$ cat run35.txt   # compact mmCIF, C-alpha atoms and all ligand atoms
# COMPACT_ATOMS: atom_id res chain seq x y z
CA ALA A 1 41.47 1.50 -22.90
CA LYS A 2 38.09 0.04 -23.75
CA HIS A 3 36.50 3.30 -24.77
CA LYS A 4 39.55 4.84 -26.37
CA GLY A 5 38.87 8.19 -27.94
CA LYS A 6 35.28 8.53 -26.83
CA SER A 7 34.16 11.19 -24.44
CA SER A 8 32.06 10.04 -21.54
CA TRP A 9 29.06 11.73 -23.17
CA GLU A 10 29.48 9.67 -26.32
CA ARG A 11 29.79 6.53 -24.29
CA PHE A 12 26.71 7.10 -22.18
CA ALA A 13 24.49 8.94 -24.63
CA PRO A 14 23.13 5.85 -26.41
CA ALA A 15 22.17 4.19 -23.14
CA MET A 16 20.50 7.34 -21.86
CA LYS A 17 18.60 7.74 -25.09
CA GLU A 18 17.31 4.20 -24.77
CA VAL A 19 16.23 4.69 -21.18
CA SER A 20 14.38 7.89 -21.97
CA HIS A 21 12.73 6.34 -25.01
CA GLU A 22 11.52 3.46 -22.86
CA ARG A 23 10.33 5.91 -20.26
CA LEU A 24 8.47 8.02 -22.81
CA GLN A 25 6.83 4.95 -24.27
CA MET A 26 5.77 3.78 -20.81
CA GLU A 27 4.52 7.25 -20.01
CA SER A 28 2.33 7.46 -23.08
CA ARG A 29 0.95 3.97 -22.40
CA LEU A 30 0.28 4.91 -18.79
CA ARG A 31 -1.55 8.05 -19.88
CA ARG A 32 -4.07 5.97 -21.77
CA ALA A 33 -4.30 3.10 -19.30
CA LEU A 34 -7.09 4.62 -17.23
CA GLU A 35 -9.41 5.40 -20.12
CA LEU A 36 -8.64 2.05 -21.75
CA ASP A 37 -9.59 0.36 -18.49
CA GLU A 38 -6.29 -1.48 -18.14
CA PHE A 39 -6.00 -1.22 -14.36
CA GLU A 40 -7.22 -3.85 -11.97
CA LEU A 41 -7.32 -3.97 -8.19
CA TRP A 42 -6.22 -7.12 -6.45
CA TYR A 43 -6.96 -7.84 -2.83
CA GLN A 44 -4.90 -9.30 -0.03
CA PRO A 45 -6.67 -10.29 3.19
CA ILE A 46 -5.73 -8.84 6.57
CA VAL A 47 -6.52 -11.24 9.40
CA GLU A 48 -6.77 -11.12 13.17
CA THR A 49 -3.56 -12.74 14.34
CA GLN A 50 -5.06 -14.65 17.27
CA THR A 51 -8.07 -16.14 15.46
CA GLY A 52 -7.16 -16.08 11.78
CA ARG A 53 -10.46 -14.31 11.09
CA VAL A 54 -10.39 -11.90 8.17
CA THR A 55 -11.22 -8.30 9.05
CA GLY A 56 -10.23 -6.50 5.89
CA ALA A 57 -8.11 -6.36 2.77
CA GLU A 58 -5.47 -4.20 1.19
CA ALA A 59 -6.19 -3.08 -2.36
CA LEU A 60 -3.13 -3.45 -4.60
CA LEU A 61 -3.00 -2.02 -8.07
CA ARG A 62 -2.12 -4.03 -11.17
CA TRP A 63 -1.75 -2.79 -14.73
CA LYS A 64 -2.72 -5.20 -17.47
CA SER A 65 -0.99 -3.65 -20.43
CA PRO A 66 -1.67 -5.24 -23.82
CA ALA A 67 1.89 -4.32 -24.80
CA MET A 68 3.70 -5.25 -21.59
CA GLY A 69 1.56 -7.84 -19.87
CA LEU A 70 0.92 -7.70 -16.13
CA VAL A 71 2.85 -4.74 -14.78
CA MET A 72 3.52 -4.59 -11.04
CA PRO A 73 3.13 -1.29 -9.18
CA ASP A 74 6.82 -0.86 -8.39
CA ARG A 75 7.34 -0.48 -12.15
CA PHE A 76 4.77 2.24 -12.78
CA ILE A 77 3.80 3.96 -9.51
CA PRO A 78 7.02 6.03 -9.44
CA LEU A 79 6.30 7.27 -12.98
CA ALA A 80 2.66 7.92 -12.12
CA GLU A 81 3.91 9.94 -9.15
CA GLU A 82 6.39 11.99 -11.15
CA THR A 83 3.88 12.82 -13.85
CA GLY A 84 0.97 13.48 -11.51
CA MET A 85 -1.04 10.69 -13.13
CA ILE A 86 -1.25 9.09 -9.70
CA ILE A 87 -3.92 11.65 -8.80
CA PRO A 88 -6.63 10.39 -11.20
CA ILE A 89 -5.36 6.82 -10.78
CA GLY A 90 -5.59 7.11 -7.00
CA ARG A 91 -9.17 8.37 -7.23
CA TRP A 92 -10.03 5.42 -9.42
CA VAL A 93 -8.42 3.05 -6.90
CA LEU A 94 -10.46 4.35 -3.97
CA GLU A 95 -13.68 4.31 -5.98
CA GLN A 96 -13.09 0.75 -7.20
CA ALA A 97 -12.02 -0.49 -3.79
CA CYS A 98 -15.16 0.87 -2.11
CA ALA A 99 -17.40 -0.52 -4.84
CA ALA A 100 -15.71 -3.91 -4.56
CA MET A 101 -16.28 -4.03 -0.79
CA GLY A 102 -19.96 -3.44 -1.46
CA ARG A 103 -19.99 -6.46 -3.78
CA VAL A 104 -18.03 -8.52 -1.25
CA GLU A 105 -20.61 -7.72 1.41
CA GLN A 106 -23.44 -8.70 -0.95
CA ALA A 107 -21.76 -11.98 -1.80
CA THR A 108 -20.45 -13.06 1.61
CA GLY A 109 -22.18 -10.96 4.26
CA LEU A 110 -18.79 -9.71 5.45
CA ALA A 111 -18.44 -5.95 5.95
CA LEU A 112 -14.69 -5.85 5.49
CA ASN A 113 -12.39 -2.91 6.02
CA ILE A 114 -10.47 -1.77 3.00
CA SER A 115 -6.93 -0.42 3.08
CA VAL A 116 -5.85 1.81 0.23
CA ASN A 117 -2.35 3.12 -0.48
CA VAL A 118 -1.93 6.85 -0.80
CA SER A 119 1.26 8.19 -2.31
CA PRO A 120 2.83 11.55 -1.44
CA ARG A 121 1.78 13.32 -4.63
CA GLN A 122 -1.85 12.35 -4.07
CA PHE A 123 -1.72 13.39 -0.47
CA ARG A 124 -0.42 16.84 -1.44
CA ASP A 125 -3.10 17.39 -4.07
CA PRO A 126 -5.15 20.29 -2.66
CA GLU A 127 -8.34 18.43 -3.58
CA PHE A 128 -7.33 15.17 -1.95
CA VAL A 129 -9.52 15.41 1.14
CA ALA A 130 -12.55 16.69 -0.76
CA THR A 131 -12.39 14.06 -3.50
CA THR A 132 -11.78 11.30 -0.98
CA LEU A 133 -14.85 12.22 1.04
CA GLN A 134 -16.87 12.65 -2.15
CA THR A 135 -15.91 9.15 -3.29
CA LEU A 136 -17.01 7.67 0.03
CA ALA A 137 -20.32 9.51 -0.22
CA ASP A 138 -20.83 8.41 -3.85
CA THR A 139 -20.13 4.75 -3.11
CA GLY A 140 -22.00 4.79 0.21
CA MET A 141 -18.93 3.46 2.00
CA ASP A 142 -18.71 3.94 5.75
CA PRO A 143 -15.55 6.04 6.34
CA GLN A 144 -14.78 3.90 9.40
CA ARG A 145 -14.19 0.96 7.09
CA VAL A 146 -11.61 2.78 5.00
CA GLU A 147 -8.00 2.87 6.04
CA LEU A 148 -5.56 5.09 4.18
CA GLU A 149 -2.00 3.78 4.20
CA ILE A 150 0.58 6.51 4.25
CA THR A 151 4.28 5.76 4.15
CA GLU A 152 6.47 6.85 6.97
CA ARG A 153 8.63 8.76 4.49
CA LEU A 154 5.76 11.10 3.61
CA ILE A 155 5.20 12.02 7.22
CA LEU A 156 8.76 13.25 7.51
CA ASP A 157 8.41 15.91 4.86
CA ASN A 158 6.27 18.82 5.92
CA THR A 159 4.52 19.16 9.19
CA ILE A 160 1.79 21.77 9.39
CA GLU A 161 0.03 20.79 6.18
CA THR A 162 0.46 17.10 6.83
CA ALA A 163 -1.07 17.47 10.27
CA ALA A 164 -3.99 19.49 8.91
CA ILE A 165 -4.79 16.93 6.22
CA LEU A 166 -4.48 13.98 8.59
CA ASN A 167 -6.73 15.73 11.09
CA GLN A 168 -9.41 16.39 8.49
CA LEU A 169 -9.40 12.75 7.42
CA ASP A 170 -9.46 11.59 11.02
CA THR A 171 -12.36 13.90 11.84
CA ALA A 172 -14.27 12.48 8.87
CA GLY A 173 -13.88 9.04 10.47
CA LEU A 174 -11.33 7.42 8.18
CA ARG A 175 -8.61 5.22 9.63
CA LEU A 176 -5.01 6.16 9.07
CA SER A 177 -2.07 3.85 9.06
CA VAL A 178 1.68 4.27 8.84
CA ASP A 179 2.87 2.01 6.03
CA ASP A 180 6.37 0.50 5.93
CA PHE A 181 6.86 1.42 9.57
CA GLY A 182 10.50 1.33 10.57
CA THR A 183 11.98 2.12 7.15
CA GLY A 184 11.75 5.92 7.26
CA PHE A 185 14.59 6.58 9.70
CA SER A 186 12.31 9.07 11.37
CA ALA A 187 11.97 10.37 14.83
CA LEU A 188 9.03 8.69 16.49
CA SER A 189 7.56 11.88 17.91
CA TYR A 190 5.08 12.18 15.04
CA LEU A 191 3.25 9.17 16.42
CA LYS A 192 1.90 11.11 19.36
CA SER A 193 1.02 14.27 17.45
CA TYR A 194 -0.73 12.72 14.43
CA PRO A 195 -4.05 10.85 14.55
CA PHE A 196 -2.84 7.45 13.34
CA ASP A 197 -4.73 4.29 14.22
CA THR A 198 -2.40 1.61 12.92
CA LEU A 199 1.25 0.80 12.32
CA LYS A 200 2.14 -1.58 9.55
CA VAL A 201 5.44 -3.18 10.46
CA ASP A 202 7.48 -3.40 7.29
CA LYS A 203 7.95 -6.86 5.84
CA SER A 204 11.72 -6.52 6.00
CA PHE A 205 11.46 -6.82 9.80
CA ILE A 206 9.05 -9.76 9.69
CA ALA A 207 11.14 -11.72 7.17
CA ASP A 208 13.80 -12.77 9.68
CA VAL A 209 12.01 -12.76 13.05
CA LEU A 210 12.56 -16.49 13.42
CA VAL A 211 16.27 -16.40 12.67
CA SER A 212 17.44 -12.99 13.80
CA VAL A 213 17.38 -12.16 17.50
CA ASP A 214 17.74 -8.46 16.61
CA ASP A 215 14.76 -8.42 14.28
CA ALA A 216 12.69 -10.31 16.83
CA SER A 217 13.60 -7.71 19.47
CA LEU A 218 12.74 -4.85 17.13
CA VAL A 219 9.34 -6.28 16.29
CA ARG A 220 8.64 -6.94 19.96
CA ALA A 221 9.62 -3.35 20.81
CA ILE A 222 7.50 -1.87 18.01
CA ILE A 223 4.42 -3.81 19.13
CA THR A 224 4.88 -2.80 22.76
CA MET A 225 5.41 0.83 21.84
CA ALA A 226 2.44 0.88 19.46
CA HIS A 227 0.12 -0.62 22.04
CA SER A 228 1.22 1.83 24.71
CA LEU A 229 0.32 4.63 22.25
CA ASN A 230 -3.02 2.97 21.65
CA LEU A 231 -2.17 2.02 18.07
CA ARG A 232 -3.02 -1.29 16.44
CA VAL A 233 -0.29 -3.24 14.66
CA ILE A 234 -0.39 -5.08 11.34
CA ALA A 235 2.56 -7.31 10.51
CA GLU A 236 3.24 -7.32 6.76
CA GLY A 237 4.90 -10.08 4.80
CA VAL A 238 3.93 -13.04 6.99
CA GLU A 239 4.94 -16.07 4.96
CA GLU A 240 5.18 -18.92 7.45
CA ASP A 241 3.31 -20.53 10.27
CA GLY A 242 6.22 -19.90 12.68
CA GLN A 243 5.98 -16.16 12.11
CA THR A 244 2.27 -16.28 12.88
CA ARG A 245 2.93 -18.05 16.18
CA PHE A 246 5.65 -15.56 17.05
CA LEU A 247 3.24 -12.68 16.36
CA GLN A 248 0.48 -14.35 18.36
CA ASP A 249 2.82 -14.59 21.35
CA LEU A 250 3.57 -10.88 21.05
CA ARG A 251 -0.14 -10.01 20.80
CA CYS A 252 0.31 -8.42 17.40
CA ASP A 253 -3.21 -7.45 16.32
CA TYR A 254 -3.29 -8.24 12.61
CA ALA A 255 -1.26 -10.08 10.03
CA GLN A 256 -1.02 -9.99 6.26
CA GLY A 257 1.11 -12.02 3.89
CA TYR A 258 1.49 -14.94 1.54
CA PHE A 259 0.94 -17.36 4.45
CA TYR A 260 -2.74 -16.32 4.40
CA SER A 261 -3.08 -15.33 0.77
CA ARG A 262 -1.24 -13.55 -1.99
CA PRO A 263 -2.97 -10.52 -3.45
CA VAL A 264 -5.58 -11.94 -5.84
CA PRO A 265 -8.23 -10.68 -8.27
CA GLU A 266 -11.70 -10.03 -6.85
CA ALA A 267 -13.23 -13.36 -7.93
CA GLU A 268 -10.44 -15.33 -6.28
CA PHE A 269 -10.66 -13.14 -3.20
CA LEU A 270 -14.35 -14.04 -2.93
CA ASP A 271 -13.49 -17.75 -3.17
CA TRP A 272 -10.86 -17.32 -0.47
CA LEU A 273 -13.36 -15.53 1.79
CA ARG A 274 -15.96 -18.26 1.38
CA ALA A 275 -13.41 -20.82 2.59
CA SER A 276 -12.04 -18.71 5.44
CA PRO A 277 -12.90 -19.10 9.16
CA ARG A 278 -15.78 -16.96 10.44
P1 LIG B 1 3.06 -1.95 0.02
O1 LIG B 1 1.98 -0.98 0.28
O2 LIG B 1 4.09 -2.13 1.08
O3 LIG B 1 2.32 -3.30 -0.30
C1 LIG B 1 2.74 -4.56 0.15
C2 LIG B 1 3.51 -5.29 -0.92
O4 LIG B 1 4.03 -6.49 -0.36
C3 LIG B 1 2.65 -5.71 -2.10
O5 LIG B 1 3.44 -5.64 -3.28
C4 LIG B 1 2.34 -7.17 -1.75
O6 LIG B 1 2.03 -7.96 -2.88
C5 LIG B 1 3.63 -7.60 -1.11
N1 LIG B 1 3.43 -8.71 -0.18
C6 LIG B 1 2.32 -9.05 0.50
N2 LIG B 1 2.52 -10.14 1.28
C7 LIG B 1 3.81 -10.50 1.09
C8 LIG B 1 4.62 -11.55 1.62
O7 LIG B 1 4.20 -12.39 2.43
N3 LIG B 1 5.92 -11.59 1.21
C9 LIG B 1 6.43 -10.69 0.31
N4 LIG B 1 7.71 -10.82 -0.03
N5 LIG B 1 5.68 -9.68 -0.22
C10 LIG B 1 4.39 -9.59 0.17
P2 LIG B 1 2.85 -5.02 -4.62
O8 LIG B 1 1.42 -5.39 -4.79
O9 LIG B 1 3.82 -5.35 -5.70
O10 LIG B 1 2.90 -3.46 -4.34
C11 LIG B 1 4.13 -2.79 -4.20
C12 LIG B 1 3.94 -1.38 -3.73
O11 LIG B 1 3.28 -0.58 -4.71
C13 LIG B 1 3.07 -1.26 -2.49
O12 LIG B 1 3.83 -1.59 -1.35
C14 LIG B 1 2.64 0.18 -2.57
O13 LIG B 1 3.64 1.03 -2.05
C15 LIG B 1 2.54 0.42 -4.06
N6 LIG B 1 1.12 0.34 -4.48
C16 LIG B 1 0.37 -0.75 -4.75
N7 LIG B 1 -0.88 -0.40 -5.08
C17 LIG B 1 -0.95 0.95 -4.97
C18 LIG B 1 -1.98 1.94 -5.18
O14 LIG B 1 -3.15 1.63 -5.48
N8 LIG B 1 -1.63 3.24 -4.98
C19 LIG B 1 -0.37 3.62 -4.63
N9 LIG B 1 -0.13 4.92 -4.45
N10 LIG B 1 0.61 2.73 -4.41
C20 LIG B 1 0.33 1.42 -4.59
CA CA B 2 0.51 -0.65 1.77
CA CA B 3 -8.36 7.98 13.89
CA CA B 4 4.09 -1.80 3.26

$ encode --input "run35.txt" --output "structure tokens"
Amino acid sequence: AKHKGKSSWERFAPAMKEVSHERLQMESRLRRALELDEFELWYQPIVETQTGRVTGAEALLRWKSPAMGLVMPDRFIPLAEETGMIIPIGRWVLEQACAAMGRVEQATGLALNISVNVSPRQFRDPEFVATTLQTLADTGMDPQRVELEITERLILDNTIETAAILNQLDTAGLRLSVDDFGTGFSALSYLKSYPFDTLKVDKSFIADVLVSVDDASLVRAIITMAHSLNLRVIAEGVEEDGQTRFLQDLRCDYAQGYFYSRPVPEAEFLDWLRASPR
């Protein structure tokens, strides 16, 4: 046998040690990233499907680590969640996003909506609602222009607290969207009991709408259902013209994806806005 004489512990121990060393190193780098100002927010436009007019943007976090280069969120958000670092990071994100929209308005005259991702750990922080409202007050941002994106998975977890928090945010005027809609394997009943405004149809459904009859039917059904519940729909991951036309036919409200623009740094986002249809 390949591993003759070695126990499974001996065989796996070195690999585990390596993984945990890597993790610890990443964790200590992440701990300092905020104070060292290594995070950056990039922006991806959200457009009206029928007209192509931009109505807002999603803020997407990037980590420029001197040691690791540009680190994408899928590589560090889970760790930030586990360690609780997502709480201060999330506050920073909202603050920066609101400030940036102020600059965008100054530069272009466009009062865009801003969508910000909220992860479960942040959402469960007892101070989440208070700090969120404080940040809006501090930056002078109109709550109606701020949309919090909450994944469908989070909504599944607990009910009473989730409802209370969502209701407080809704009462304060913020918009609430269900992110990655369709991936949570959840019952749909929450849609009528929670104050959501928007469904973001997961990009995995949009990817194949032109080639898969099933995916096309699902997207059609989601849009119809959402509209009958008075929810707006954003299609994520729109990469081609054909998908846009398909979504226009279905009266999908908004679209977002590489077809319009990739997420880009603020300066590039401003350039994109200046060239976009009004
Ligand atoms: P998400 O919220 O579903 O964000 C959309 C992701 O899809 C982004 O990946 C975006 O770059 C990518 N995307 C946009 N258009 C297209 C397209 O046309 N095709 C394809 N294939 N992908 C597209 P990104 O920026 O790597 O972010 C990954 C995830 O990390 C996000 O997924 C979100 O869950 C999380 N994340 C990003 N920023 C934040 C943040 O500030 N806070 C928290 N809590 N999570 C964040
Ligand atoms: Ca999102
Ligand atoms: Ca609402
Ligand atoms: Ca999403």

$ closest_residue --input "run35.txt" --among "A:Thr139, A:Thr108, A:Ser204, A:Asn113" --to "Val219 of chain A" --atoms "all atoms listed in the file"
A:Ser204

$ residues_around --input "run35.txt" --residues "segment 19-33 of chain A" --least-positions-apart "5" --cutoff "12 Å" --atoms "only C-alpha atoms" --output "number ranges by chain"
A: 12-14, 38-40, 62-68, 71, 73, 75-89, 92

$ write_last_selection --input "run35.txt" --atoms "C-alpha atoms" --output "PDB file, in the frame of the given file"
ATOM      1  CA  PHE A  12      26.710   7.100 -22.180  1.00  0.00           C
ATOM      2  CA  ALA A  13      24.490   8.940 -24.630  1.00  0.00           C
ATOM      3  CA  PRO A  14      23.130   5.850 -26.410  1.00  0.00           C
ATOM      4  CA  GLU A  38      -6.290  -1.480 -18.140  1.00  0.00           C
ATOM      5  CA  PHE A  39      -6.000  -1.220 -14.360  1.00  0.00           C
ATOM      6  CA  GLU A  40      -7.220  -3.850 -11.970  1.00  0.00           C
ATOM      7  CA  ARG A  62      -2.120  -4.030 -11.170  1.00  0.00           C
ATOM      8  CA  TRP A  63      -1.750  -2.790 -14.730  1.00  0.00           C
ATOM      9  CA  LYS A  64      -2.720  -5.200 -17.470  1.00  0.00           C
ATOM     10  CA  SER A  65      -0.990  -3.650 -20.430  1.00  0.00           C
ATOM     11  CA  PRO A  66      -1.670  -5.240 -23.820  1.00  0.00           C
ATOM     12  CA  ALA A  67       1.890  -4.320 -24.800  1.00  0.00           C
ATOM     13  CA  MET A  68       3.700  -5.250 -21.590  1.00  0.00           C
ATOM     14  CA  VAL A  71       2.850  -4.740 -14.780  1.00  0.00           C
ATOM     15  CA  PRO A  73       3.130  -1.290  -9.180  1.00  0.00           C
ATOM     16  CA  ARG A  75       7.340  -0.480 -12.150  1.00  0.00           C
ATOM     17  CA  PHE A  76       4.770   2.240 -12.780  1.00  0.00           C
ATOM     18  CA  ILE A  77       3.800   3.960  -9.510  1.00  0.00           C
ATOM     19  CA  PRO A  78       7.020   6.030  -9.440  1.00  0.00           C
ATOM     20  CA  LEU A  79       6.300   7.270 -12.980  1.00  0.00           C
ATOM     21  CA  ALA A  80       2.660   7.920 -12.120  1.00  0.00           C
ATOM     22  CA  GLU A  81       3.910   9.940  -9.150  1.00  0.00           C
ATOM     23  CA  GLU A  82       6.390  11.990 -11.150  1.00  0.00           C
ATOM     24  CA  THR A  83       3.880  12.820 -13.850  1.00  0.00           C
ATOM     25  CA  GLY A  84       0.970  13.480 -11.510  1.00  0.00           C
ATOM     26  CA  MET A  85      -1.040  10.690 -13.130  1.00  0.00           C
ATOM     27  CA  ILE A  86      -1.250   9.090  -9.700  1.00  0.00           C
ATOM     28  CA  ILE A  87      -3.920  11.650  -8.800  1.00  0.00           C
ATOM     29  CA  PRO A  88      -6.630  10.390 -11.200  1.00  0.00           C
ATOM     30  CA  ILE A  89      -5.360   6.820 -10.780  1.00  0.00           C
ATOM     31  CA  TRP A  92     -10.030   5.420  -9.420  1.00  0.00           C
TER      32      TRP A  92
END

$ axis_aligned_box --input "run35.txt" --around "segment 218-231 of chain A" --padding-each-side "3 Å" --output "JSON"
{"center_x": 4.9, "center_y": -1.2, "center_z": 20.5, "size_x": 21.8, "size_y": 17.6, "size_z": 14.4}

$ residues_near_ligand --input "run35.txt" --ligand "ligand CA 3 (chain B)" --cutoff "8 Å" --atoms "all atoms listed in the file" --output "list in words"
Asp170, Thr171, Gly173, Leu174, Arg175, Leu176, Pro195, Phe196 and Asp197 of chain A

$ residues_near_ligand --input "run35.txt" --ligand "ligand LIG 1 (chain B)" --cutoff "6 Å" --atoms "all atoms listed in the file" --output "ChimeraX atom specification"
/A:60-61,72-74,90,93,117-119,180,237-239,257-258,263

$ residues_near_ligand --input "run35.txt" --ligand "ligand CA 4 (chain B)" --cutoff "10 Å" --atoms "all atoms listed in the file" --output "PyMOL selection string"
chain A and resi 117+149-152+178-181+183+199-204+234-237

$ closest_residue --input "run35.txt" --among "A:Glu147, A:Glu48, A:Glu105, A:Glu161" --to "ligand CA 2 (chain B)" --atoms "all atoms listed in the file"
A:Glu147

$ atom_distance --input "run35.txt" --atom1 "atom CA of Ser193 of chain A" --atom2 "atom CA of Ala59 of chain A"
27.3 Å

$ closest_residue --input "run35.txt" --among "A:Asp214, A:Tyr260, A:Leu36, A:Ile114" --to "ligand CA 2 (chain B)" --atoms "all atoms listed in the file"
A:Ile114

$ closest_residue --input "run35.txt" --among "A:Ile155, A:Tyr194, A:Leu229, A:Leu218" --to "Asn167 of chain A" --atoms "only C-alpha atoms"
A:Tyr194

$ closest_residue --input "run35.txt" --among "A:Glu58, A:Glu266, A:Asp253, A:Asp125" --to "ligand CA 2 (chain B)" --atoms "all atoms listed in the file"
A:Glu58

$ atom_distance --input "run35.txt" --atom1 "atom CA of Gly242 of chain A" --atom2 "atom CA of Ile206 of chain A"
10.9 Å

$ decode --input "run35.txt" --residues "segment 61-85 of chain A" --atoms "N, CA and C atoms" --output "PDB file, in the first residue's frame"
ATOM      1  N   LEU A  61     -16.646  44.179  -2.290  1.00  0.00           N
ATOM      2  CA  LEU A  61     -15.420  44.383  -1.528  1.00  0.00           C
ATOM      3  C   LEU A  61     -14.210  43.692  -2.167  1.00  0.00           C
ATOM      4  N   ARG A  62     -13.101  44.399  -2.165  1.00  0.00           N
ATOM      5  CA  ARG A  62     -11.823  43.840  -2.623  1.00  0.00           C
ATOM      6  C   ARG A  62     -10.780  44.096  -1.551  1.00  0.00           C
ATOM      7  N   TRP A  63      -9.851  43.147  -1.426  1.00  0.00           N
ATOM      8  CA  TRP A  63      -8.770  43.315  -0.455  1.00  0.00           C
ATOM      9  C   TRP A  63      -7.457  43.375  -1.222  1.00  0.00           C
ATOM     10  N   LYS A  64      -6.792  44.530  -1.133  1.00  0.00           N
ATOM     11  CA  LYS A  64      -5.492  44.660  -1.770  1.00  0.00           C
ATOM     12  C   LYS A  64      -4.432  44.386  -0.719  1.00  0.00           C
ATOM     13  N   SER A  65      -4.009  43.144  -0.678  1.00  0.00           N
ATOM     14  CA  SER A  65      -3.038  42.734   0.329  1.00  0.00           C
ATOM     15  C   SER A  65      -1.634  42.846  -0.255  1.00  0.00           C
ATOM     16  N   PRO A  66      -0.739  43.572   0.434  1.00  0.00           N
ATOM     17  CA  PRO A  66       0.634  43.669  -0.076  1.00  0.00           C
ATOM     18  C   PRO A  66       1.267  42.281  -0.242  1.00  0.00           C
ATOM     19  N   ALA A  67       0.886  41.354   0.642  1.00  0.00           N
ATOM     20  CA  ALA A  67       1.483  40.020   0.588  1.00  0.00           C
ATOM     21  C   ALA A  67       0.819  39.111  -0.444  1.00  0.00           C
ATOM     22  N   MET A  68      -0.494  39.306  -0.667  1.00  0.00           N
ATOM     23  CA  MET A  68      -1.221  38.342  -1.497  1.00  0.00           C
ATOM     24  C   MET A  68      -1.799  38.921  -2.784  1.00  0.00           C
ATOM     25  N   GLY A  69      -1.639  40.208  -2.965  1.00  0.00           N
ATOM     26  CA  GLY A  69      -2.212  40.838  -4.155  1.00  0.00           C
ATOM     27  C   GLY A  69      -3.694  41.111  -3.982  1.00  0.00           C
ATOM     28  N   LEU A  70      -4.411  41.158  -5.096  1.00  0.00           N
ATOM     29  CA  LEU A  70      -5.852  41.419  -5.046  1.00  0.00           C
ATOM     30  C   LEU A  70      -6.584  40.154  -4.602  1.00  0.00           C
ATOM     31  N   VAL A  71      -7.229  40.231  -3.456  1.00  0.00           N
ATOM     32  CA  VAL A  71      -7.916  39.056  -2.918  1.00  0.00           C
ATOM     33  C   VAL A  71      -9.422  39.250  -3.089  1.00  0.00           C
ATOM     34  N   MET A  72     -10.052  38.268  -3.730  1.00  0.00           N
ATOM     35  CA  MET A  72     -11.490  38.343  -3.979  1.00  0.00           C
ATOM     36  C   MET A  72     -12.279  37.935  -2.733  1.00  0.00           C
ATOM     37  N   PRO A  73     -13.495  38.446  -2.602  1.00  0.00           N
ATOM     38  CA  PRO A  73     -14.258  38.226  -1.359  1.00  0.00           C
ATOM     39  C   PRO A  73     -14.521  36.759  -1.022  1.00  0.00           C
ATOM     40  N   ASP A  74     -14.691  35.919  -2.027  1.00  0.00           N
ATOM     41  CA  ASP A  74     -14.943  34.509  -1.708  1.00  0.00           C
ATOM     42  C   ASP A  74     -13.791  33.890  -0.908  1.00  0.00           C
ATOM     43  N   ARG A  75     -12.601  34.499  -1.026  1.00  0.00           N
ATOM     44  CA  ARG A  75     -11.438  33.965  -0.304  1.00  0.00           C
ATOM     45  C   ARG A  75     -11.314  34.482   1.124  1.00  0.00           C
ATOM     46  N   PHE A  76     -11.953  35.616   1.444  1.00  0.00           N
ATOM     47  CA  PHE A  76     -11.768  36.109   2.812  1.00  0.00           C
ATOM     48  C   PHE A  76     -13.066  36.401   3.569  1.00  0.00           C
ATOM     49  N   ILE A  77     -14.187  36.530   2.883  1.00  0.00           N
ATOM     50  CA  ILE A  77     -15.445  36.790   3.602  1.00  0.00           C
ATOM     51  C   ILE A  77     -15.789  35.639   4.565  1.00  0.00           C
ATOM     52  N   PRO A  78     -15.639  34.371   4.137  1.00  0.00           N
ATOM     53  CA  PRO A  78     -15.949  33.292   5.084  1.00  0.00           C
ATOM     54  C   PRO A  78     -15.118  33.373   6.368  1.00  0.00           C
ATOM     55  N   LEU A  79     -13.836  33.708   6.241  1.00  0.00           N
ATOM     56  CA  LEU A  79     -12.965  33.847   7.406  1.00  0.00           C
ATOM     57  C   LEU A  79     -13.368  35.066   8.245  1.00  0.00           C
ATOM     58  N   ALA A  80     -13.721  36.134   7.567  1.00  0.00           N
ATOM     59  CA  ALA A  80     -14.169  37.344   8.272  1.00  0.00           C
ATOM     60  C   ALA A  80     -15.459  37.066   9.042  1.00  0.00           C
ATOM     61  N   GLU A  81     -16.292  36.212   8.465  1.00  0.00           N
ATOM     62  CA  GLU A  81     -17.531  35.788   9.123  1.00  0.00           C
ATOM     63  C   GLU A  81     -17.227  34.997  10.387  1.00  0.00           C
ATOM     64  N   GLU A  82     -16.414  33.958  10.210  1.00  0.00           N
ATOM     65  CA  GLU A  82     -16.095  33.050  11.314  1.00  0.00           C
ATOM     66  C   GLU A  82     -15.478  33.780  12.493  1.00  0.00           C
ATOM     67  N   THR A  83     -14.621  34.745  12.199  1.00  0.00           N
ATOM     68  CA  THR A  83     -13.887  35.428  13.251  1.00  0.00           C
ATOM     69  C   THR A  83     -14.632  36.643  13.792  1.00  0.00           C
ATOM     70  N   GLY A  84     -15.727  37.002  13.147  1.00  0.00           N
ATOM     71  CA  GLY A  84     -16.465  38.185  13.577  1.00  0.00           C
ATOM     72  C   GLY A  84     -15.908  39.483  13.008  1.00  0.00           C
ATOM     73  N   MET A  85     -14.794  39.385  12.283  1.00  0.00           N
ATOM     74  CA  MET A  85     -14.204  40.599  11.704  1.00  0.00           C
ATOM     75  C   MET A  85     -15.135  41.247  10.688  1.00  0.00           C
TER      76      MET A  85
END
